[in-house]
>>> print(open('structure00.cif').read())   # mmCIF, C-alpha atoms and all ligand atoms
data_input
loop_
_atom_site.group_PDB
_atom_site.id
_atom_site.type_symbol
_atom_site.label_atom_id
_atom_site.label_comp_id
_atom_site.auth_asym_id
_atom_site.auth_seq_id
_atom_site.Cartn_x
_atom_site.Cartn_y
_atom_site.Cartn_z
ATOM 1 C CA MET A 26 28.707 -26.085 18.058
ATOM 2 C CA THR A 27 27.793 -29.351 16.368
ATOM 3 C CA LEU A 28 29.767 -30.198 13.309
ATOM 4 C CA SER A 29 28.003 -31.724 10.375
ATOM 5 C CA PRO A 30 29.705 -35.081 9.710
ATOM 6 C CA CYS A 31 29.176 -34.985 5.936
ATOM 7 C CA GLY A 32 29.139 -32.304 3.338
ATOM 8 C CA ILE A 33 29.968 -31.127 -0.118
ATOM 9 C CA GLY A 34 32.896 -28.861 -0.869
ATOM 10 C CA GLN A 35 35.414 -27.948 -3.525
ATOM 11 C CA ILE A 36 39.083 -28.901 -3.572
ATOM 12 C CA VAL A 37 41.029 -25.635 -3.586
ATOM 13 C CA ALA A 38 44.462 -27.106 -2.971
ATOM 14 C CA ALA A 39 45.962 -30.470 -3.750
ATOM 15 C CA TYR A 40 49.330 -31.550 -2.381
ATOM 16 C CA SER A 41 49.862 -35.114 -3.499
ATOM 17 C CA ARG A 42 47.356 -37.045 -1.336
ATOM 18 C CA GLN A 43 46.456 -34.118 0.907
ATOM 19 C CA TYR A 44 43.707 -31.749 -0.023
ATOM 20 C CA LEU A 45 42.133 -28.589 1.230
ATOM 21 C CA VAL A 46 38.377 -28.560 0.746
ATOM 22 C CA GLU A 47 36.425 -25.323 0.822
ATOM 23 C CA LEU A 48 33.027 -25.788 2.413
ATOM 24 C CA PRO A 49 29.969 -23.677 1.523
ATOM 25 C CA ASP A 50 30.430 -21.472 4.632
ATOM 26 C CA GLY A 51 34.017 -20.708 3.594
ATOM 27 C CA GLU A 52 35.722 -23.052 6.037
ATOM 28 C CA LEU A 53 38.882 -24.675 4.648
ATOM 29 C CA LEU A 54 39.021 -28.279 5.824
ATOM 30 C CA PRO A 55 42.163 -30.394 5.340
ATOM 31 C CA CYS A 56 41.144 -33.745 3.921
ATOM 32 C CA LEU A 57 42.797 -36.999 2.930
ATOM 33 C CA SER A 58 41.751 -39.444 0.274
ATOM 34 C CA ARG A 59 40.999 -42.986 1.335
ATOM 35 C CA GLY A 60 42.775 -44.861 -1.401
ATOM 36 C CA LYS A 61 46.472 -45.007 -2.189
ATOM 37 C CA THR A 62 46.157 -43.281 -5.540
ATOM 38 C CA SER A 63 45.304 -39.608 -5.670
ATOM 39 C CA GLU A 64 42.198 -39.736 -7.801
ATOM 40 C CA PHE A 65 41.050 -36.242 -6.832
ATOM 41 C CA VAL A 66 42.209 -32.977 -8.266
ATOM 42 C CA CYS A 67 42.005 -29.245 -7.719
ATOM 43 C CA GLY A 68 38.613 -27.923 -8.803
ATOM 44 C CA ASP A 69 36.779 -31.129 -7.940
ATOM 45 C CA ASN A 70 33.491 -30.888 -6.105
ATOM 46 C CA VAL A 71 33.633 -33.618 -3.502
ATOM 47 C CA GLU A 72 31.632 -35.302 -0.812
ATOM 48 C CA ILE A 73 33.531 -35.311 2.447
ATOM 49 C CA LYS A 74 33.157 -36.862 5.859
ATOM 50 C CA ARG A 75 34.532 -34.978 8.830
ATOM 51 C CA THR A 76 36.700 -37.135 11.074
ATOM 52 C CA SER A 77 37.562 -34.430 13.585
ATOM 53 C CA SER A 78 37.032 -30.703 14.002
ATOM 54 C CA ASN A 79 39.900 -29.967 11.627
ATOM 55 C CA GLN A 80 40.223 -33.057 9.465
ATOM 56 C CA GLY A 81 38.110 -34.927 6.941
ATOM 57 C CA VAL A 82 38.245 -37.617 4.305
ATOM 58 C CA ILE A 83 37.056 -37.350 0.751
ATOM 59 C CA GLU A 84 34.442 -39.936 -0.101
ATOM 60 C CA CYS A 85 33.889 -39.275 -3.796
ATOM 61 C CA THR A 86 33.724 -36.584 -6.451
ATOM 62 C CA LEU A 87 30.557 -35.197 -7.937
ATOM 63 C CA PRO A 88 30.340 -35.470 -11.742
ATOM 64 C CA ARG A 89 32.964 -33.314 -13.451
ATOM 65 C CA LEU A 90 32.165 -30.740 -16.119
ATOM 66 C CA SER A 91 35.678 -31.146 -17.470
ATOM 67 C CA LEU A 92 38.890 -32.873 -16.542
ATOM 68 C CA LEU A 93 42.276 -31.871 -17.877
ATOM 69 C CA PHE A 94 44.835 -34.629 -17.635
ATOM 70 C CA ARG A 95 47.882 -36.056 -19.305
ATOM 71 C CA SER A 96 48.794 -39.692 -19.662
ATOM 72 C CA ASP A 97 51.494 -42.113 -20.638
ATOM 73 C CA ALA A 98 51.215 -45.845 -21.224
ATOM 74 C CA TYR A 99 50.932 -46.514 -17.497
ATOM 75 C CA ARG A 100 48.940 -43.804 -15.815
ATOM 76 C CA ARG A 101 46.929 -40.650 -16.012
ATOM 77 C CA LYS A 102 48.016 -37.482 -14.268
ATOM 78 C CA TYR A 103 45.134 -35.221 -13.393
ATOM 79 C CA ILE A 104 45.761 -31.480 -13.707
ATOM 80 C CA ALA A 105 42.472 -29.716 -12.940
ATOM 81 C CA ALA A 106 38.732 -30.343 -12.930
ATOM 82 C CA ASN A 107 35.647 -28.291 -13.694
ATOM 83 C CA ILE A 108 37.598 -25.709 -15.651
ATOM 84 C CA THR A 109 36.204 -23.807 -18.618
ATOM 85 C CA GLN A 110 39.431 -22.392 -20.015
ATOM 86 C CA ILE A 111 43.086 -23.239 -20.350
ATOM 87 C CA ILE A 112 45.638 -20.460 -20.410
ATOM 88 C CA ILE A 113 48.996 -21.606 -21.720
ATOM 89 C CA VAL A 114 51.845 -19.346 -20.688
ATOM 90 C CA VAL A 115 54.831 -19.168 -23.024
ATOM 91 C CA ALA A 116 57.603 -16.598 -22.999
ATOM 92 C CA THR A 117 59.864 -14.780 -25.384
ATOM 93 C CA GLU A 118 62.776 -16.316 -23.505
ATOM 94 C CA PRO A 119 63.878 -18.877 -22.553
ATOM 95 C CA PRO A 120 62.632 -20.633 -25.698
ATOM 96 C CA PHE A 121 59.321 -22.452 -25.322
ATOM 97 C CA SER A 122 58.341 -25.813 -26.758
ATOM 98 C CA ASP A 123 55.720 -25.515 -29.485
ATOM 99 C CA GLU A 124 55.244 -29.255 -29.158
ATOM 100 C CA LEU A 125 54.175 -28.851 -25.528
ATOM 101 C CA LEU A 126 51.953 -25.938 -26.497
ATOM 102 C CA THR A 127 50.327 -28.033 -29.216
ATOM 103 C CA ARG A 128 49.776 -30.941 -26.874
ATOM 104 C CA CYS A 129 48.038 -28.663 -24.357
ATOM 105 C CA LEU A 130 45.808 -27.301 -27.114
ATOM 106 C CA ILE A 131 44.868 -30.825 -28.217
ATOM 107 C CA ALA A 132 43.955 -31.851 -24.658
ATOM 108 C CA ALA A 133 41.954 -28.629 -24.273
ATOM 109 C CA HIS A 134 40.061 -29.205 -27.497
ATOM 110 C CA GLU A 135 39.134 -32.715 -26.448
ATOM 111 C CA GLN A 136 37.648 -31.333 -23.207
ATOM 112 C CA LYS A 137 35.902 -28.485 -25.106
ATOM 113 C CA LEU A 138 37.790 -25.809 -23.192
ATOM 114 C CA ALA A 139 38.321 -22.239 -24.321
ATOM 115 C CA THR A 140 41.997 -21.557 -24.963
ATOM 116 C CA LEU A 141 44.248 -18.557 -24.593
ATOM 117 C CA ILE A 142 47.960 -18.428 -25.325
ATOM 118 C CA VAL A 143 49.764 -15.803 -23.259
ATOM 119 C CA LEU A 144 53.100 -14.682 -24.659
ATOM 120 C CA ASN A 145 54.894 -13.293 -21.619
ATOM 121 C CA LYS A 146 58.062 -11.164 -21.317
ATOM 122 C CA CYS A 147 57.186 -8.985 -24.303
ATOM 123 C CA ASP A 148 59.309 -6.246 -22.735
ATOM 124 C CA LEU A 149 62.246 -8.188 -24.251
ATOM 125 C CA GLN A 150 61.864 -6.736 -27.692
ATOM 126 C CA SER A 151 64.168 -8.699 -29.964
ATOM 127 C CA ALA A 152 63.139 -12.004 -28.379
ATOM 128 C CA THR A 153 59.505 -10.966 -28.884
ATOM 129 C CA ILE A 154 59.948 -10.788 -32.650
ATOM 130 C CA GLN A 155 61.265 -14.342 -32.716
ATOM 131 C CA ALA A 156 58.551 -15.720 -30.423
ATOM 132 C CA ARG A 157 55.859 -13.965 -32.424
ATOM 133 C CA ALA A 158 57.125 -15.701 -35.570
ATOM 134 C CA GLN A 159 57.040 -19.067 -33.768
ATOM 135 C CA LEU A 160 53.431 -18.376 -32.760
ATOM 136 C CA SER A 161 52.255 -17.125 -36.142
ATOM 137 C CA PRO A 162 50.901 -20.543 -37.264
ATOM 138 C CA TYR A 163 48.768 -20.534 -34.111
ATOM 139 C CA GLN A 164 47.593 -16.997 -34.758
ATOM 140 C CA ASN A 165 46.736 -17.907 -38.368
ATOM 141 C CA ALA A 166 44.881 -21.012 -37.199
ATOM 142 C CA GLY A 167 42.657 -18.777 -35.079
ATOM 143 C CA TYR A 168 44.010 -19.351 -31.579
ATOM 144 C CA ARG A 169 43.759 -16.351 -29.274
ATOM 145 C CA ILE A 170 47.142 -14.937 -28.328
ATOM 146 C CA LEU A 171 47.741 -12.216 -25.764
ATOM 147 C CA GLU A 172 51.107 -10.511 -25.575
ATOM 148 C CA LEU A 173 52.091 -9.026 -22.245
ATOM 149 C CA SER A 174 54.797 -8.476 -19.719
ATOM 150 C CA ALA A 175 53.872 -9.902 -16.345
ATOM 151 C CA LYS A 176 56.585 -7.767 -14.797
ATOM 152 C CA ASP A 177 55.093 -4.542 -16.143
ATOM 153 C CA ASN A 178 51.339 -4.947 -16.419
ATOM 154 C CA ILE A 179 48.976 -7.909 -16.223
ATOM 155 C CA GLU A 180 45.799 -5.829 -16.614
ATOM 156 C CA PRO A 181 45.271 -6.894 -20.276
ATOM 157 C CA LEU A 182 44.742 -10.445 -19.002
ATOM 158 C CA ARG A 183 41.892 -9.599 -16.629
ATOM 159 C CA PRO A 184 39.032 -9.445 -19.173
ATOM 160 C CA TYR A 185 39.924 -12.958 -20.374
ATOM 161 C CA LEU A 186 39.482 -14.324 -16.845
ATOM 162 C CA GLU A 187 35.958 -12.974 -16.331
ATOM 163 C CA ASN A 188 33.303 -15.650 -15.789
ATOM 164 C CA GLN A 189 35.785 -18.450 -16.405
ATOM 165 C CA THR A 190 37.448 -21.087 -14.310
ATOM 166 C CA SER A 191 40.868 -21.018 -15.897
ATOM 167 C CA VAL A 192 43.865 -23.255 -15.443
ATOM 168 C CA LEU A 193 47.283 -21.688 -15.952
ATOM 169 C CA ILE A 194 49.735 -24.066 -17.484
ATOM 170 C CA GLY A 195 53.270 -23.678 -18.723
ATOM 171 C CA GLN A 196 56.863 -24.840 -18.640
ATOM 172 C CA SER A 197 58.800 -23.544 -15.685
ATOM 173 C CA GLY A 198 60.589 -20.282 -16.321
ATOM 174 C CA MET A 199 57.834 -18.812 -18.466
ATOM 175 C CA GLY A 200 56.746 -16.440 -15.684
ATOM 176 C CA LYS A 201 53.656 -18.180 -14.352
ATOM 177 C CA SER A 202 54.432 -17.332 -10.709
ATOM 178 C CA THR A 203 55.139 -13.723 -11.595
ATOM 179 C CA LEU A 204 51.792 -13.602 -13.370
ATOM 180 C CA ILE A 205 49.864 -15.131 -10.451
ATOM 181 C CA ASN A 206 51.497 -12.866 -7.892
ATOM 182 C CA ALA A 207 50.679 -9.803 -9.955
ATOM 183 C CA LEU A 208 47.089 -10.914 -10.512
ATOM 184 C CA LEU A 209 46.536 -11.987 -6.928
ATOM 185 C CA PRO A 210 48.803 -9.975 -4.647
ATOM 186 C CA ASP A 211 47.781 -12.038 -1.628
ATOM 187 C CA ALA A 212 48.409 -15.359 -3.418
ATOM 188 C CA GLN A 213 51.638 -15.991 -1.528
ATOM 189 C CA ALA A 214 49.884 -15.401 1.779
ATOM 190 C CA VAL A 215 47.089 -17.762 0.745
ATOM 191 C CA THR A 216 49.656 -20.366 -0.258
ATOM 192 C CA ARG A 217 51.390 -20.073 3.113
ATOM 193 C CA GLU A 218 48.069 -20.389 4.907
ATOM 194 C CA ILE A 219 47.198 -23.470 2.906
ATOM 195 C CA SER A 220 50.609 -25.030 3.496
ATOM 196 C CA SER A 221 50.263 -24.632 7.223
ATOM 197 C CA ALA A 222 46.659 -25.893 7.192
ATOM 198 C CA LEU A 223 47.908 -28.996 5.448
ATOM 199 C CA ASN A 224 50.800 -29.242 7.849
ATOM 200 C CA SER A 225 53.248 -29.253 5.016
ATOM 201 C CA GLY A 226 55.460 -26.235 5.251
ATOM 202 C CA LYS A 227 57.759 -27.793 2.716
ATOM 203 C CA HIS A 228 57.241 -26.885 -0.901
ATOM 204 C CA THR A 229 56.407 -29.917 -2.918
ATOM 205 C CA THR A 230 56.354 -29.879 -6.678
ATOM 206 C CA THR A 231 52.932 -31.425 -6.932
ATOM 207 C CA ARG A 232 50.860 -28.690 -5.428
ATOM 208 C CA SER A 233 48.062 -26.935 -7.219
ATOM 209 C CA HIS A 234 45.778 -24.197 -5.982
ATOM 210 C CA LEU A 235 42.452 -22.718 -6.898
ATOM 211 C CA TYR A 236 42.178 -18.967 -6.311
ATOM 212 C CA HIS A 237 38.957 -16.974 -6.388
ATOM 213 C CA ILE A 238 39.431 -13.814 -8.435
ATOM 214 C CA ASN A 239 35.833 -12.815 -7.815
ATOM 215 C CA ALA A 240 32.543 -14.641 -7.318
ATOM 216 C CA HIS A 241 32.425 -15.788 -10.955
ATOM 217 C CA SER A 242 36.071 -16.033 -11.942
ATOM 218 C CA HIS A 243 38.526 -18.575 -10.636
ATOM 219 C CA LEU A 244 42.085 -19.512 -11.428
ATOM 220 C CA ILE A 245 43.879 -22.802 -10.881
ATOM 221 C CA ASP A 246 47.658 -22.733 -10.705
ATOM 222 C CA CYS A 247 49.423 -26.038 -11.141
ATOM 223 C CA PRO A 248 53.066 -27.109 -11.221
ATOM 224 C CA GLY A 249 55.087 -26.367 -14.337
ATOM 225 C CA VAL A 250 54.923 -29.107 -16.946
ATOM 226 C CA GLN A 251 57.784 -30.298 -19.148
ATOM 227 C CA ALA A 252 55.883 -33.081 -20.886
ATOM 228 C CA PHE A 253 52.246 -33.609 -21.814
ATOM 229 C CA GLY A 254 51.517 -37.184 -22.805
ATOM 230 C CA LEU A 255 48.362 -37.816 -24.808
ATOM 231 C CA HIS A 256 48.332 -41.571 -24.624
ATOM 232 C CA HIS A 257 44.570 -41.517 -24.018
ATOM 233 C CA LEU A 258 43.790 -39.882 -27.367
ATOM 234 C CA ASN A 259 43.532 -41.618 -30.737
ATOM 235 C CA ALA A 260 44.816 -40.153 -34.019
ATOM 236 C CA ASP A 261 41.389 -38.768 -35.013
ATOM 237 C CA THR A 262 41.024 -36.881 -31.737
ATOM 238 C CA ILE A 263 44.560 -35.577 -32.085
ATOM 239 C CA ALA A 264 43.812 -34.394 -35.645
ATOM 240 C CA ALA A 265 40.655 -32.640 -34.414
ATOM 241 C CA GLY A 266 42.867 -30.799 -31.931
ATOM 242 C CA PHE A 267 44.549 -29.036 -34.866
ATOM 243 C CA VAL A 268 41.641 -26.698 -35.498
ATOM 244 C CA GLU A 269 42.863 -25.509 -38.919
ATOM 245 C CA PHE A 270 42.823 -29.108 -40.223
ATOM 246 C CA SER A 271 39.038 -29.415 -39.978
ATOM 247 C CA PRO A 272 38.163 -28.403 -43.605
ATOM 248 C CA TYR A 273 40.415 -31.220 -44.862
ATOM 249 C CA LEU A 274 39.628 -34.086 -42.508
ATOM 250 C CA GLY A 275 37.651 -36.995 -43.948
ATOM 251 C CA LYS A 276 38.576 -36.059 -47.538
ATOM 252 C CA CYS A 277 41.729 -38.104 -48.086
ATOM 253 C CA ARG A 278 41.792 -40.907 -50.694
ATOM 254 C CA PHE A 279 41.839 -43.513 -47.935
ATOM 255 C CA SER A 280 39.156 -43.136 -45.311
ATOM 256 C CA ASN A 281 41.587 -44.429 -42.679
ATOM 257 C CA CYS A 282 44.422 -42.176 -43.891
ATOM 258 C CA SER A 283 46.973 -41.595 -41.133
ATOM 259 C CA HIS A 284 48.228 -38.464 -42.945
ATOM 260 C CA GLN A 285 51.752 -39.858 -42.771
ATOM 261 C CA HIS A 286 52.780 -41.599 -46.010
ATOM 262 C CA GLU A 287 49.592 -42.245 -47.953
ATOM 263 C CA PRO A 288 49.071 -40.829 -51.462
ATOM 264 C CA ASP A 289 46.368 -38.210 -52.105
ATOM 265 C CA CYS A 290 46.295 -37.047 -48.515
ATOM 266 C CA THR A 291 44.346 -33.783 -48.381
ATOM 267 C CA LEU A 292 46.281 -32.583 -45.341
ATOM 268 C CA LYS A 293 49.609 -33.003 -47.126
ATOM 269 C CA MET A 294 48.194 -31.355 -50.246
ATOM 270 C CA ALA A 295 46.892 -28.444 -48.173
ATOM 271 C CA GLN A 296 50.341 -28.080 -46.655
ATOM 272 C CA GLN A 297 51.987 -28.088 -50.096
ATOM 273 C CA GLN A 298 49.554 -25.378 -51.191
ATOM 274 C CA GLY A 299 50.535 -23.293 -48.181
ATOM 275 C CA LYS A 300 47.140 -23.630 -46.501
ATOM 276 C CA ILE A 301 48.503 -25.586 -43.558
ATOM 277 C CA ASP A 302 51.772 -24.746 -41.829
ATOM 278 C CA ALA A 303 54.486 -27.370 -42.406
ATOM 279 C CA ARG A 304 55.611 -27.339 -38.772
ATOM 280 C CA ARG A 305 52.039 -27.929 -37.574
ATOM 281 C CA LEU A 306 51.581 -30.903 -39.902
ATOM 282 C CA LYS A 307 54.906 -32.325 -38.739
ATOM 283 C CA LEU A 308 53.846 -31.914 -35.087
ATOM 284 C CA PHE A 309 50.611 -33.756 -35.874
ATOM 285 C CA GLN A 310 52.514 -36.598 -37.532
ATOM 286 C CA GLU A 311 54.928 -36.919 -34.632
ATOM 287 C CA ILE A 312 52.355 -36.629 -31.869
ATOM 288 C CA SER A 313 49.915 -39.058 -33.492
ATOM 289 C CA GLN A 314 52.721 -41.582 -33.971
ATOM 290 C CA GLY A 315 53.717 -41.166 -30.355
ATOM 291 C CA ALA A 316 57.165 -40.244 -31.602
ATOM 292 C CA PHE A 317 58.150 -38.105 -28.611
HETATM 293 P P1 LIG B 1 57.618 -19.758 -13.526
HETATM 294 O O1 LIG B 1 58.658 -20.826 -13.382
HETATM 295 O O2 LIG B 1 56.827 -19.949 -14.791
HETATM 296 O O3 LIG B 1 56.737 -19.610 -12.340
HETATM 297 O O4 LIG B 1 58.414 -18.400 -13.768
HETATM 298 P P2 LIG B 1 58.754 -17.191 -12.771
HETATM 299 O O5 LIG B 1 57.548 -16.381 -12.504
HETATM 300 O O6 LIG B 1 59.510 -17.718 -11.625
HETATM 301 O O7 LIG B 1 59.704 -16.333 -13.729
HETATM 302 C C1 LIG B 1 60.910 -16.843 -14.276
HETATM 303 C C2 LIG B 1 61.852 -15.683 -14.518
HETATM 304 O O8 LIG B 1 61.324 -14.814 -15.519
HETATM 305 C C3 LIG B 1 62.060 -14.804 -13.282
HETATM 306 O O9 LIG B 1 63.395 -14.432 -13.237
HETATM 307 C C4 LIG B 1 61.151 -13.619 -13.526
HETATM 308 O O10 LIG B 1 61.624 -12.458 -12.901
HETATM 309 C C5 LIG B 1 61.234 -13.484 -15.035
HETATM 310 N N1 LIG B 1 60.029 -12.838 -15.607
HETATM 311 C C6 LIG B 1 58.739 -13.118 -15.347
HETATM 312 N N2 LIG B 1 57.915 -12.297 -16.049
HETATM 313 C C7 LIG B 1 58.712 -11.494 -16.782
HETATM 314 C C8 LIG B 1 58.459 -10.438 -17.711
HETATM 315 O O11 LIG B 1 57.332 -10.063 -18.026
HETATM 316 N N3 LIG B 1 59.548 -9.849 -18.292
HETATM 317 C C9 LIG B 1 60.821 -10.229 -17.974
HETATM 318 N N4 LIG B 1 61.814 -9.589 -18.596
HETATM 319 N N5 LIG B 1 61.092 -11.205 -17.097
HETATM 320 C C10 LIG B 1 60.063 -11.842 -16.500
HETATM 321 ZN ZN ZN B 2 45.447 -37.875 -45.094
#
>>> encode(input="structure00.cif", output="structure tokens", more="lines below")
Ligand code: GDP
Ligand code: ZN
Amino acid sequence: MTLSPCGIGQIVAAYSRQYLVELPDGELLPCLSRGKTSEFVCGDNVEIKRTSSNQGVIECTLPRLSLLFRSDAYRRKYIAANITQIIIVVATEPPFSDELLTRCLIAAHEQKLATLIVLNKCDLQSATIQARAQLSPYQNAGYRILELSAKDNIEPLRPYLENQTSVLIGQSGMGKSTLINALLPDAQAVTREISSALNSGKHTTTRSHLYHINAHSHLIDCPGVQAFGLHHLNADTIAAGFVEFSPYLGKCRFSNCSHQHEPDCTLKMAQQQGKIDARRLKLFQEISQGAF
């Protein structure tokens, strides 16, 4: 058998600088990147060069339809590429960070991704009431929220996954692994297979995986996040990421209003009139000032 030296494939697993690339015939080829920095990410379509029968290097990525990433002052951290939807998993307990949730929604809006908030562990009834109240500003703003219990039944999630490439994101402890294992019963076996193909039996915290649910629906699982820096976004883009603000933007007395301390700020007036949730406006002010 002659092996084609070059080809196009998709990154289906990323472990730091090691990748697993799925080729059109289904072969999973372990690949390395050439550079020191890991500029590739799960979901990327890449050009590879085979260096041996079971090893390749990634030459470059093909243009991305979308790229979800977070950033601080120093660097960008890629999360997933070519996704169409972000599913943010929160739970009734332990408490979730609405700041982190908001930051994910802002990043998703900037990349024009569909969004779904999954409230997991709804079998815990009294905690559910509290979490529901915390999510009500998001519900009122028009965000889609799905309540479920990953332990009991994940079927309600399936229709939302159809014809989408979704990334699952959440703080650790929210039940993301439970959700994946219930959705994809052979996920753990796939993960083990991938780990051994990449020669890294050890579990690193930087791994992410793309799973095929069916021919048209794919799911990327990535490590739990505790912070989501948006250093790459300016205040206007951050404001646009609060979808319920849109009727008020551009109508303040000062055209460059920062919606912090200026007089005649339509966002602050809308909040005083009960049209915008106070907590959401505060989150905007803090995030746009980089106060976290
Ligand atoms: P991850 O860190 O987000 O991957 O969270 P895990 O899937 O490891 O779940 C964290 C904990 O929450 C585990 O003890 C799970 O058993 C528990 N858990 C996950 N889903 C549910 C659920 O629907 N209901 C309840 N009561 N517990 C859950
Ligand atoms: Zn304003």
>>> atom_distance(input="structure00.cif", atom1="CA of Leu53 (chain A)", atom2="CA of Ser191 (chain A)")
21.0 Å
>>> residues_around(input="structure00.cif", residues="Val114 (chain A)", least_positions_apart="6", cutoff="12 Å", atoms="only C-alpha atoms", output="number ranges by chain")
A: 120-123, 125-126, 129-130, 140-146, 170-175, 182, 192-205, 246-247, 249-250
>>> atom_distance(input="structure00.cif", atom1="atom O1 of ligand LIG 1 (chain B)", atom2="CA of Tyr185 (chain A)")
21.5 Å
>>> resolve_selection(input="structure00.cif", expression="the PyMOL selection byres (((not hetatm)) within 6 of (chain B and resi 2))", output="list in words")
Cys277, Cys282, Ser283, His284, Cys290, Thr291 and Leu292 of chain A
>>> write_last_selection(input="structure00.cif", atoms="C-alpha atoms", output="short mmCIF file (atom, residue, chain, number, x, y, z; two decimals), keeping the file's coordinate frame")
data_model
loop_
_atom_site.label_atom_id
_atom_site.label_comp_id
_atom_site.auth_asym_id
_atom_site.auth_seq_id
_atom_site.Cartn_x
_atom_site.Cartn_y
_atom_site.Cartn_z
CA CYS A 277 41.73 -38.10 -48.09
CA CYS A 282 44.42 -42.18 -43.89
CA SER A 283 46.97 -41.60 -41.13
CA HIS A 284 48.23 -38.46 -42.94
CA CYS A 290 46.30 -37.05 -48.52
CA THR A 291 44.35 -33.78 -48.38
CA LEU A 292 46.28 -32.58 -45.34
#
>>> axis_aligned_box(input="structure00.cif", around="ligand LIG 1 (chain B)", padding_each_side="4 Å", output="lines of an AutoDock Vina configuration file")
center_x = 60.1
center_y = -15.2
center_z = -15.1
size_x = 14.7
size_y = 19.2
size_z = 15.0
>>> resolve_selection(input="structure00.cif", expression="the PyMOL selection byres (((chain A and resi 80-83) around 10) and not hetatm)", output="MDAnalysis selection string")
chainID A and resid 30:34 36 43:46 53:60 65 71:79 84:86 222:223
>>> closest_residue(input="structure00.cif", among="A:Glu64, A:Glu180, A:Glu187, A:Glu52", to="Thr109 (chain A)", atoms="all atoms listed in the file")
A:Glu187
>>> atom_distance(input="structure00.cif", atom1="CA of Ile111 (chain A)", atom2="CA of Tyr163 (chain A)")
15.1 Å
>>> closest_residue(input="structure00.cif", among="A:Pro210, A:Pro248, A:Gly167, A:Pro181", to="ligand LIG 1 (chain B)", atoms="only C-alpha atoms and all ligand atoms")
A:Pro248
>>> closest_residue(input="structure00.cif", among="A:Thr153, A:Asn239, A:Ser313, A:Asn188", to="ligand LIG 1 (chain B)", atoms="all atoms listed in the file")
A:Thr153
>>> resolve_selection(input="structure00.cif", expression="the PyMOL selection byres (((chain A and resi 131) around 9) and not hetatm)", output="short mmCIF file (atom, residue, chain, number, x, y, z; two decimals) with C-alpha atoms, in the frame of the given file")
data_model
loop_
_atom_site.label_atom_id
_atom_site.label_comp_id
_atom_site.auth_asym_id
_atom_site.auth_seq_id
_atom_site.Cartn_x
_atom_site.Cartn_y
_atom_site.Cartn_z
CA LEU A 126 51.95 -25.94 -26.50
CA THR A 127 50.33 -28.03 -29.22
CA ARG A 128 49.78 -30.94 -26.87
CA CYS A 129 48.04 -28.66 -24.36
CA LEU A 130 45.81 -27.30 -27.11
CA ALA A 132 43.96 -31.85 -24.66
CA ALA A 133 41.95 -28.63 -24.27
CA HIS A 134 40.06 -29.20 -27.50
CA GLU A 135 39.13 -32.72 -26.45
CA GLN A 136 37.65 -31.33 -23.21
CA LEU A 255 48.36 -37.82 -24.81
CA THR A 262 41.02 -36.88 -31.74
CA ILE A 263 44.56 -35.58 -32.08
CA ALA A 264 43.81 -34.39 -35.65
CA ALA A 265 40.66 -32.64 -34.41
CA GLY A 266 42.87 -30.80 -31.93
CA PHE A 267 44.55 -29.04 -34.87
CA VAL A 268 41.64 -26.70 -35.50
#
>>> closest_residue(input="structure00.cif", among="A:Gln35, A:Tyr40, A:Asn107, A:Glu118", to="ligand LIG 1 (chain B)", atoms="only C-alpha atoms and all ligand atoms")
A:Glu118
>>> closest_residue(input="structure00.cif", among="A:Leu149, A:Leu235, A:Ala212, A:Ala38", to="ligand LIG 1 (chain B)", atoms="all atoms listed in the file")
A:Leu149
>>> closest_residue(input="structure00.cif", among="A:Val115, A:Ala105, A:Leu160, A:Ala252", to="ligand LIG 1 (chain B)", atoms="all atoms listed in the file")
A:Val115
>>> residues_around(input="structure00.cif", residues="region 88-102 of chain A", least_positions_apart="6", cutoff="6 Å", atoms="all atoms listed in the file", output="mmCIF file with C-alpha atoms, in the coordinates of the input")
data_model
loop_
_atom_site.group_PDB
_atom_site.id
_atom_site.type_symbol
_atom_site.label_atom_id
_atom_site.label_comp_id
_atom_site.auth_asym_id
_atom_site.auth_seq_id
_atom_site.Cartn_x
_atom_site.Cartn_y
_atom_site.Cartn_z
ATOM 1 C CA PHE A 253 52.246 -33.609 -21.814
ATOM 2 C CA GLY A 254 51.517 -37.184 -22.805
ATOM 3 C CA LEU A 255 48.362 -37.816 -24.808
ATOM 4 C CA HIS A 256 48.332 -41.571 -24.624
#
